[in-house]
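Undergrad: Have a look at this one.
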Amino acid sequence: MTLTIHQEIDEQRQLRLTVGVAPERVDQALRQTVKKVGRDVRVPGFRQGKAPYHIILKRFGREALLAETAEDILPAVFEEVLAQIDETEIYAEPELDKVDLDPMTFQFTIPLVPQVKLSDYRALRREIEPPVVTDEAVAEALERIRVKHQVLEVVERPAAVGDVVTLSGLGQVMLVPAETAETADENAEPEAHTIFAEEYVDMLLDPQKLYPNTPFLEHILGLSAGDKAEFSFTFPADYEDAELAGKKATFNLSILQVQSRELPELNDELAQREGDYATVDELRAAVHNELQRAAEAEAKQALIDSMADSLLAEAEIVYPPAAVEKELDGMVASMQNRVRYSGWQWQDFLQFQGETEESLRDSLREAAVTRLRRNLVMRRFVQNEKLKVKPEDIDRLIDERTARFADEELRGNMRSYYQRGAGLDLILNEVMEEKVVERIKAIYSGMAPDLTDLEDEETDSAEEE
């Protein structure tokens, strides 16, 4: 046995290894190092490469040659160490922490797979309300379509309700309520918070949307392009934005432009302009269906989030620091892709933001920890519940996704896309999300299948294969 290995798992799921190399193995390796170094050395009195071991050792120094020996035997030592460790427990790249030359020892840290222990989540019960799309939501969506097709025209007249004005300027509120400000030290500099700072912004003069229940609009109506407006008022104590309620506001604005606005009628003609719809009823139905799909997707995510929150509340989670770094790697890589897609060079983007990659990682660290912990508990949930994606699940979803394409060639291309690479990843994630949502619903309703039955099914499937 040429290696002695001491193993210890610390409180952060890291395997600490101290590996000692037997003196005879070190001596043998050292002789090989001396031989290798001696080939290229001329020593007076000896032919090149023929100087004795002790001469080369004395000339270069034992410590320097031992250091080179350690570099040479490290890969082999590491392979022998890994052979004695369960590979499925290794989570990230091992690190060499320290090397001692005499006696020769190596210290490694190997991040291990995180451990997650969940509470009795199967006892959770919750009423699940199906997502409902209201008539009001459909009406708001249709109104947005009307606004999308609005006609704006610059006018040379004072602004009126319903016009769109282009403003620039500054708006600030005092950070203490108005009545408090009146009794404050008159020599103290009042602290203000900026709520409006624009060089060029279009605003619809709608009393229901533009600082409602305040005199803001009154100070803009009747002004024309080129006019200025300086005014103050106090937000109502019960104002809908609690951060502004009761605060004194001061605005200094310039009116750059006034435009009249004409909205199209909600009729068949608008439906045809918006898309492949013959009538406004078809448009209304399409809007409702789209809102329904969005509501269902939101409800699914809310359901997953509720389970993740419940699991996190009582879960025991231990993970190595490398797990956070791995999560950060993914977040930064995703950000890099978005930045490059938008036309920026990564380093230029960082410089523009006043960041370095290190400072960016630090700013993302808290979010990375949160995401990691949520992912870990949900991954354990999937494992506990024996949820697996089967080939027939993939085929079914691909059929659904490609059925909407009338063109046969396009349908074939999309099928190929979904059968490999990023497209297949999308399908796999969607199938698993469906299974997770259905199992959460079953648990909340008390109708979840018995885990013992799931284990029996898994055993039967394995035997059939």
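All residue names refer to the structure tokens as shown: chains lettered A, B, ... in order, residues numbered from 1 in each chain, ligands numbered from 1 in order.
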Residues within 12 Å of Lys209 in chain A, please, as a list of chain:residue names. Count only C-alpha atoms; anything in the same chain fewer than 5 positions from it doesn't count.

TA: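 So the residues in contact are A:Val161, A:Gly162, A:Met203, A:Leu204, A:Thr214, A:Phe216, A:Leu217, A:Glu240.
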
Undergrad: Report as a tab-separated table the residues of range 308-335 of chain A within 12 Å of range 279-303 of chain A, each with its shortest atom pair and distance in Å (one decimal), using only C-alpha atoms, ordered by chain and increasing residue number.

TA:
```
residue	atom	partner	partner_atom	distance
A:Ala308	CA	A:Leu303	CA	8.6
A:Asp309	CA	A:Leu303	CA	9.9
A:Ser310	CA	A:Leu303	CA	10.8
```

Undergrad: Grab the CA of Leu451 in chain A to CA of Leu426 in chain A distance for me, in Å with one decimal place.

TA: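 Value for the CA of Leu451 in chain A-CA of Leu426 in chain A distance: 27.9 Å.
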
Undergrad: For the contact check between range 212-281 of chain A and range 130-145 of chain A, emit one row per residue of range 212-281 of chain A within 9 Å, containing the shortest atom pair and the distance in Å rounded to one decimal, counting only C-alpha atoms, chain then rising number order, as JSON lines.

TA:
```
{"residue": "A:Leu266", "atom": "CA", "partner": "A:Leu142", "partner_atom": "CA", "distance": 7.9}
{"residue": "A:Leu270", "atom": "CA", "partner": "A:Ile145", "partner_atom": "CA", "distance": 8.7}
{"residue": "A:Glu274", "atom": "CA", "partner": "A:Ile145", "partner_atom": "CA", "distance": 7.6}
```

Undergrad: Between CA of Leu256 in chain A and CA of Phe196 in chain A, what distance in Å does the model show, to one decimal?

TA: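 For CA of Leu256 in chain A relative to CA of Phe196 in chain A, the distance reads 15.8 Å.
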
Undergrad: Pick from A:Leu74, A:Leu223, A:Leu410, A:Val164: nearest to Val26 in chain A, with only C-alpha atoms counted?

TA: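 For Val26 in chain A, the nearest of the given residues is A:Leu74.
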
Undergrad: Name the residues of range 64-207 of chain A that fall into strand (DSSP E or B) according to DSSP on the backbone, using the chain letters and numbers of this document, as a count of residues only.

TA: 51

Undergrad: Using only C-alpha atoms, find the one residue out of A:Val77, A:Ala225, A:Ala368, A:Ile85 that sits nearest to Val155 in chain A.

TA: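 Smallest distance to Val155 in chain A is found for A:Ala225.
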
Undergrad: For Ala29 in chain A, which residue out of A:Leu360, A:Met104, A:Leu397, A:Leu17 is the nearest one, using only C-alpha atoms?

TA: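 Counting only C-alpha atoms, the residue closest to Ala29 in chain A is A:Met104.
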
Undergrad: Could you name the residues that touch range 314-317 of chain A at 9 Å or less, counting only C-alpha atoms, but leaving out those on the same chain fewer than 4 positions away, as a compact mmCIF listing (two decimals) with C-alpha atoms, in the first residue's frame?

TA:
```
# COMPACT_ATOMS: atom_id res chain seq x y z
CA PRO A 114 -26.04 18.13 -1.40
CA GLN A 115 -28.18 16.35 1.17
CA VAL A 116 -31.85 17.23 1.48
CA LYS A 117 -34.29 15.84 4.00
CA LEU A 118 -37.91 16.86 3.62
CA SER A 119 -40.60 16.96 6.26
CA SER A 310 -43.70 24.65 2.32
CA ARG A 373 -32.29 25.89 -2.15
CA LEU A 376 -32.72 21.28 -4.23
CA VAL A 377 -36.01 20.76 -2.38
```
